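Undergrad: Here it is: the structure, laid out below.
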Amino acid sequence: MFIQAAVNRYGSTVIGAYTIGNKVENIGFCLAYSIGLAAGVFCGQNIGANNIERTRKGFRAGIVIALIYSVIIGCVMIFAARPLSAVFSTDPEVLDISVPLVIIEAAFSPVLCVVFVLQNFLRNVSDVRPTVVMSFAEIVSRGVLPFVLSSWMGYYGIWWATPTGWTLSLIIGLVRYYSGKWEGKAYVAGFSVK
């Protein structure tokens with residue numbers, strides 16, 4: 001909503017470019033969310049069984065799979081930014097503005113894909129508060145940065161707000177993971193599943 005408000009100040013061409021960029025992003029990263037979801041469920045089952053080592057292995061496997069996917073889809077989005085955008089518009093001016101947005105988001109695809117794994121991992125190991133903090137930090141940065149960055153970079157500043165929010169969310173999630181404070185959150189002492 002905040003980003004849309006910042007975009008609206010630049011008129012219909014930039015609004016169209018932003019809409020196209022979002023559509024390409026959503027299509028490109030829909031599988032990444034599923035990778036994060038699968039990794040989270042696997043880790044949640046293993047922490048429920050109090051198998052910390054297998055939980056860690058599942059997390060690492062999820063990260064590797066997400067990074068491989070992100071590099072592949074990121075390259076596709078970077079090198080095919082214009083044809084992908086052209087699926088949604090034939091207006092050359094709109095395409096000229098949307099292509100940099102697609103490229104910026106594609107360049108940060110590893111960040112977003114790891115964030116998906118981290119958020120799903122933390123939720124599924126019953127360490128939910130950090131995911132709320134991650135989301136809140138992303139929302140705040142996406143609410144403030146479009147206006148701050150666009151004041152000296154124009155609409156390109158708005159394009160940088162989203163990956164900056166992803167990066168902030170990634171840092172918070174990694175700090176929480178490496179703190180180890182998530183361990184044992186889902187395990188109930190004395191309870192065993194038979």
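Residue numbering restarts at 1 in every chain; chains get A, B, ... in the order shown in the structure tokens, and ligands count up from 1 in that same order.
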Just want the 10 Å neighbourhood of Lys181 (chain A), counted on only C-alpha atoms, with same-chain residues fewer than 5 positions away dropped. Output as a PyMOL selection string.

TA: chain A and resi 127+175-176

Undergrad: Report as a list in words all protein, DNA and RNA residues lying within 7 Å of region 79-91 of chain A, evaluated on only C-alpha atoms, omitting residues in the same chain fewer than 3 positions from it.

TA: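 Near region 79-91 of chain A, the qualifying residues are Ile20, Val24, Cys75, Val76, Val94, Leu95, Ser98, Val99, Val102 and Ile103 of chain A.
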
Undergrad: Restricting it to C-alpha atoms, dump the selection as a PDB file, in the first residue's frame.

TA:
```pdb
ATOM      1  CA  ILE A  20       4.164  -5.559 -14.515  1.00  0.00           C
ATOM      2  CA  VAL A  24       6.804 -11.069 -13.137  1.00  0.00           C
ATOM      3  CA  CYS A  75      19.217 -15.445 -14.401  1.00  0.00           C
ATOM      4  CA  VAL A  76      16.082 -16.102 -16.446  1.00  0.00           C
ATOM      5  CA  VAL A  94       6.200   1.108 -19.730  1.00  0.00           C
ATOM      6  CA  LEU A  95       8.626  -1.693 -20.613  1.00  0.00           C
ATOM      7  CA  SER A  98       9.526  -2.092 -15.725  1.00  0.00           C
ATOM      8  CA  VAL A  99      12.675  -3.874 -16.927  1.00  0.00           C
ATOM      9  CA  VAL A 102      12.462  -6.921 -12.775  1.00  0.00           C
ATOM     10  CA  ILE A 103      16.279  -6.942 -12.907  1.00  0.00           C
TER      11      ILE A 103
END
```

Undergrad: Pick out the closest residue to Glu183 (chain A) from this set: A:Ser70, A:Ser135, A:Asn8, A:Asn51. Count only C-alpha atoms.

TA: A:Asn51

Undergrad: Report the distance between CA of Val111 (chain A) and CA of Thr167 (chain A) in Å, rounded to one decimal place.

TA: 6.3 Å

Undergrad: Here is a test: counting only C-alpha atoms, which residue of A:Val41, A:Ala5, A:Cys30, A:Ile139 is nearest to Ser126 (chain A)?

TA: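 Under the stated criterion, the closest residue is A:Val41.
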
Undergrad: Would you please work out which residue, of A:Val148, A:Val115, A:Ile3, A:Ile15, is nearest to Trp166 (chain A) when using only C-alpha atoms?

TA: A:Val115

Undergrad: Within 12 Å of Phe147 (chain A), counting only C-alpha atoms, which residues show up once you throw out same-chain ones fewer than 6 positions away? Write them as a compact mmCIF listing (two decimals) with C-alpha atoms, in the first residue's frame, please.

TA:
```txt
# COMPACT_ATOMS: atom_id res chain seq x y z
CA PHE A 2 2.82 2.39 0.94
CA ILE A 3 4.82 1.48 -2.14
CA GLN A 4 1.73 1.92 -4.31
CA ALA A 5 1.20 5.38 -2.81
CA ALA A 6 4.78 6.31 -3.70
CA VAL A 7 4.39 4.87 -7.21
CA ASN A 8 1.12 6.73 -7.81
CA ARG A 9 2.95 10.06 -7.60
CA TYR A 10 4.73 9.26 -10.88
CA VAL A 140 8.32 -0.71 7.84
CA SER A 141 11.20 -0.55 5.37
CA MET A 153 16.54 8.62 -6.98
CA GLY A 154 13.11 9.12 -8.51
CA TYR A 155 10.98 6.04 -9.08
CA TYR A 156 14.17 3.90 -9.14
CA GLY A 157 14.35 4.53 -5.40
CA ILE A 158 10.98 2.82 -5.05
CA TRP A 159 12.34 -0.19 -6.92
CA TRP A 160 15.09 -0.55 -4.29
CA ALA A 161 12.72 -0.47 -1.31
```

Undergrad: Name the residues in contact with Asn22 (chain A) at a cut-off of 10 Å, using only C-alpha atoms, excluding same-chain residues fewer than 3 positions from it; report them as a PyMOL selection string.

TA: chain A and resi 16-19+25-28+85+98+101-102+105

Undergrad: Write a file of the just-selected residues containing C-alpha atoms, as a JSON list (two decimals), in the first residue's frame.

TA:
```json
[["chain", "number", "residue", "atom", "x", "y", "z"],
["A", 16, "GLY", "CA", 1.82, 0.19, -15.18],
["A", 17, "ALA", "CA", 5.54, -0.64, -14.97],
["A", 18, "TYR", "CA", 5.27, -1.37, -11.25],
["A", 19, "THR", "CA", 2.27, -3.64, -11.84],
["A", 25, "GLU", "CA", 8.08, -11.29, -9.54],
["A", 26, "ASN", "CA", 5.02, -13.25, -8.39],
["A", 27, "ILE", "CA", 5.31, -15.74, -11.23],
["A", 28, "GLY", "CA", 9.07, -16.12, -10.82],
["A", 85, "SER", "CA", 7.49, -7.83, -19.13],
["A", 98, "SER", "CA", 9.53, -2.09, -15.73],
["A", 101, "LEU", "CA", 12.46, -3.31, -11.57],
["A", 102, "VAL", "CA", 12.46, -6.92, -12.78],
["A", 105, "GLU", "CA", 14.22, -8.01, -7.93]]
```

Undergrad: Here is a test: counting only C-alpha atoms, which residue of A:Val64, A:Ile97, A:Leu122, A:Cys113 is nearest to Cys43 (chain A)?

TA: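 Closest to Cys43 (chain A), using only C-alpha atoms: A:Leu122.
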
Undergrad: Check the smallest atom-to-atom distance from each of A:Gly58, A:Ser12, A:Tyr69, A:Ala106 to Glu93 (chain A) using only C-alpha atoms, then report the winner.

TA: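 Among the listed residues, A:Ser12 lies closest to Glu93 (chain A).
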
Undergrad: Tell me, which residues of chain A carry DSSP helix (DSSP H, G or I), written as a compact mmCIF listing (two decimals) with C-alpha atoms, in the first residue's frame?

TA:
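And here is the file that came out, out-v1.txt:
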```txt
# COMPACT_ATOMS: atom_id res chain seq x y z
CA PHE A 2 2.82 2.39 0.94
CA ILE A 3 4.82 1.48 -2.14
CA GLN A 4 1.73 1.92 -4.31
CA ALA A 5 1.20 5.38 -2.81
CA ALA A 6 4.78 6.31 -3.70
CA VAL A 7 4.39 4.87 -7.21
CA ASN A 8 1.12 6.73 -7.81
CA SER A 12 0.11 5.93 -15.07
CA THR A 13 3.23 4.81 -16.95
CA VAL A 14 5.17 4.10 -13.76
CA ILE A 15 2.06 2.54 -12.18
CA GLY A 16 1.82 0.19 -15.18
CA ALA A 17 5.54 -0.64 -14.97
CA TYR A 18 5.27 -1.37 -11.25
CA THR A 19 2.27 -3.64 -11.84
CA ILE A 20 4.16 -5.56 -14.52
CA GLY A 21 7.23 -5.90 -12.29
CA ASN A 22 5.08 -7.33 -9.51
CA LYS A 23 3.45 -9.83 -11.86
CA VAL A 24 6.80 -11.07 -13.14
CA GLU A 25 8.08 -11.29 -9.54
CA ASN A 26 5.02 -13.25 -8.39
CA ILE A 27 5.31 -15.74 -11.23
CA GLY A 28 9.07 -16.12 -10.82
CA PHE A 29 9.03 -16.67 -7.09
CA CYS A 30 5.87 -18.76 -6.61
CA LEU A 31 7.89 -22.00 -6.56
CA ALA A 32 10.38 -20.45 -4.10
CA TYR A 33 7.62 -20.04 -1.55
CA SER A 34 6.71 -23.72 -1.96
CA ILE A 35 10.35 -24.70 -1.40
CA GLY A 36 10.34 -22.71 1.85
CA LEU A 37 7.04 -24.28 2.89
CA ALA A 38 8.30 -27.82 2.24
CA ALA A 39 11.55 -27.20 4.14
CA GLY A 40 9.60 -25.73 7.05
CA VAL A 41 7.24 -28.70 7.30
CA PHE A 42 10.13 -31.17 7.18
CA CYS A 43 11.99 -29.28 9.91
CA GLY A 44 8.86 -28.92 12.03
CA GLN A 45 8.29 -32.69 11.97
CA ASN A 46 11.87 -33.34 13.01
CA ILE A 47 11.99 -30.82 15.81
CA GLY A 48 8.71 -32.27 17.07
CA ILE A 52 17.79 -31.34 16.22
CA GLU A 53 20.50 -32.65 13.90
CA ARG A 54 18.00 -33.77 11.26
CA THR A 55 16.19 -30.43 11.67
CA ARG A 56 19.44 -28.59 10.92
CA LYS A 57 20.11 -30.84 7.92
CA GLY A 58 16.62 -30.16 6.59
CA PHE A 59 17.14 -26.42 7.00
CA ARG A 60 20.47 -26.55 5.16
CA ALA A 61 18.95 -28.66 2.37
CA GLY A 62 16.10 -26.15 2.04
CA ILE A 63 18.59 -23.29 1.78
CA VAL A 64 20.63 -25.09 -0.89
CA ILE A 65 17.54 -25.94 -2.96
CA ALA A 66 16.23 -22.38 -2.60
CA LEU A 67 19.58 -20.90 -3.65
CA ILE A 68 19.86 -23.16 -6.69
CA TYR A 69 16.34 -22.23 -7.73
CA SER A 70 16.96 -18.53 -7.08
CA VAL A 71 20.08 -18.46 -9.24
CA ILE A 72 18.27 -20.19 -12.11
CA ILE A 73 15.13 -18.06 -11.94
CA GLY A 74 17.16 -14.92 -11.24
CA CYS A 75 19.22 -15.45 -14.40
CA VAL A 76 16.08 -16.10 -16.45
CA MET A 77 14.47 -12.94 -15.09
CA ILE A 78 17.58 -10.81 -15.67
CA PHE A 79 18.28 -11.97 -19.21
CA ALA A 81 13.33 -9.13 -18.31
CA ARG A 82 11.99 -7.38 -21.38
CA PRO A 83 10.26 -10.39 -23.00
CA LEU A 84 8.76 -11.37 -19.64
CA SER A 85 7.49 -7.83 -19.13
CA ALA A 86 6.21 -7.73 -22.71
CA PRO A 92 7.74 0.59 -24.98
CA GLU A 93 7.79 3.36 -22.36
CA VAL A 94 6.20 1.11 -19.73
CA LEU A 95 8.63 -1.69 -20.61
CA ASP A 96 11.62 0.64 -20.33
CA ILE A 97 10.57 1.43 -16.76
CA SER A 98 9.53 -2.09 -15.73
CA VAL A 99 12.68 -3.87 -16.93
CA PRO A 100 14.97 -2.31 -14.27
CA LEU A 101 12.46 -3.31 -11.57
CA VAL A 102 12.46 -6.92 -12.78
CA ILE A 103 16.28 -6.94 -12.91
CA ILE A 104 16.66 -5.49 -9.40
CA GLU A 105 14.22 -8.01 -7.93
CA ALA A 106 15.90 -10.85 -9.85
CA ALA A 107 19.32 -9.83 -8.56
CA SER A 109 16.19 -13.46 -5.66
CA PRO A 110 18.62 -15.44 -3.46
CA VAL A 111 17.77 -13.13 -0.56
CA LEU A 112 14.01 -13.60 -0.98
CA CYS A 113 14.27 -17.36 -1.46
CA VAL A 114 16.31 -17.75 1.74
CA VAL A 115 13.80 -15.53 3.58
CA PHE A 116 11.01 -17.90 2.53
CA VAL A 117 12.94 -20.85 3.99
CA LEU A 118 13.79 -18.97 7.19
CA GLN A 119 10.24 -17.78 7.83
CA ASN A 120 8.72 -21.21 7.24
CA PHE A 121 11.45 -22.90 9.27
CA LEU A 122 10.97 -20.62 12.28
CA ARG A 123 7.16 -20.92 12.14
CA ASN A 124 7.30 -24.70 11.95
CA ARG A 129 7.96 -14.16 17.22
CA PRO A 130 11.02 -13.68 15.00
CA THR A 131 8.88 -14.20 11.90
CA VAL A 132 6.59 -11.41 13.11
CA VAL A 133 9.64 -9.18 13.63
CA MET A 134 10.94 -10.13 10.17
CA SER A 135 7.62 -9.25 8.55
CA PHE A 136 7.27 -6.05 10.55
CA ALA A 137 10.79 -4.92 9.60
CA GLU A 138 10.02 -5.59 5.96
CA ILE A 139 6.74 -3.70 6.11
CA VAL A 140 8.32 -0.71 7.84
CA SER A 141 11.20 -0.55 5.37
CA ARG A 142 8.81 -0.87 2.45
CA GLY A 143 6.60 1.82 3.99
CA VAL A 144 9.35 4.36 4.62
CA LEU A 145 12.04 3.71 2.02
CA PRO A 146 9.94 4.31 -1.13
CA PHE A 147 9.44 7.91 -0.07
CA VAL A 148 12.98 8.46 1.20
CA LEU A 149 14.77 6.84 -1.72
CA SER A 150 12.48 8.27 -4.38
CA SER A 151 13.15 11.79 -3.11
CA TRP A 152 16.68 11.58 -4.53
CA MET A 153 16.54 8.62 -6.98
CA TYR A 155 10.98 6.04 -9.08
CA TYR A 156 14.17 3.90 -9.14
CA GLY A 157 14.35 4.53 -5.40
CA ILE A 158 10.98 2.82 -5.05
CA TRP A 159 12.34 -0.19 -6.92
CA TRP A 160 15.09 -0.55 -4.29
CA ALA A 161 12.72 -0.47 -1.31
CA THR A 162 11.46 -4.03 -1.71
CA PRO A 163 14.85 -5.81 -1.90
CA THR A 164 16.06 -3.68 1.00
CA GLY A 165 13.13 -4.98 3.06
CA TRP A 166 13.97 -8.54 2.02
CA THR A 167 17.57 -8.02 3.10
CA LEU A 168 16.56 -6.67 6.49
CA SER A 169 14.23 -9.63 6.99
CA LEU A 170 17.02 -12.02 5.98
CA ILE A 171 19.44 -10.54 8.54
CA ILE A 172 16.90 -10.85 11.36
CA GLY A 173 16.09 -14.45 10.40
CA LEU A 174 19.73 -15.51 10.14
CA VAL A 175 20.57 -13.96 13.49
CA ARG A 176 17.71 -15.88 15.06
CA TYR A 177 18.66 -19.17 13.39
CA TYR A 178 22.32 -18.95 14.39
CA SER A 179 21.42 -17.91 17.94
```
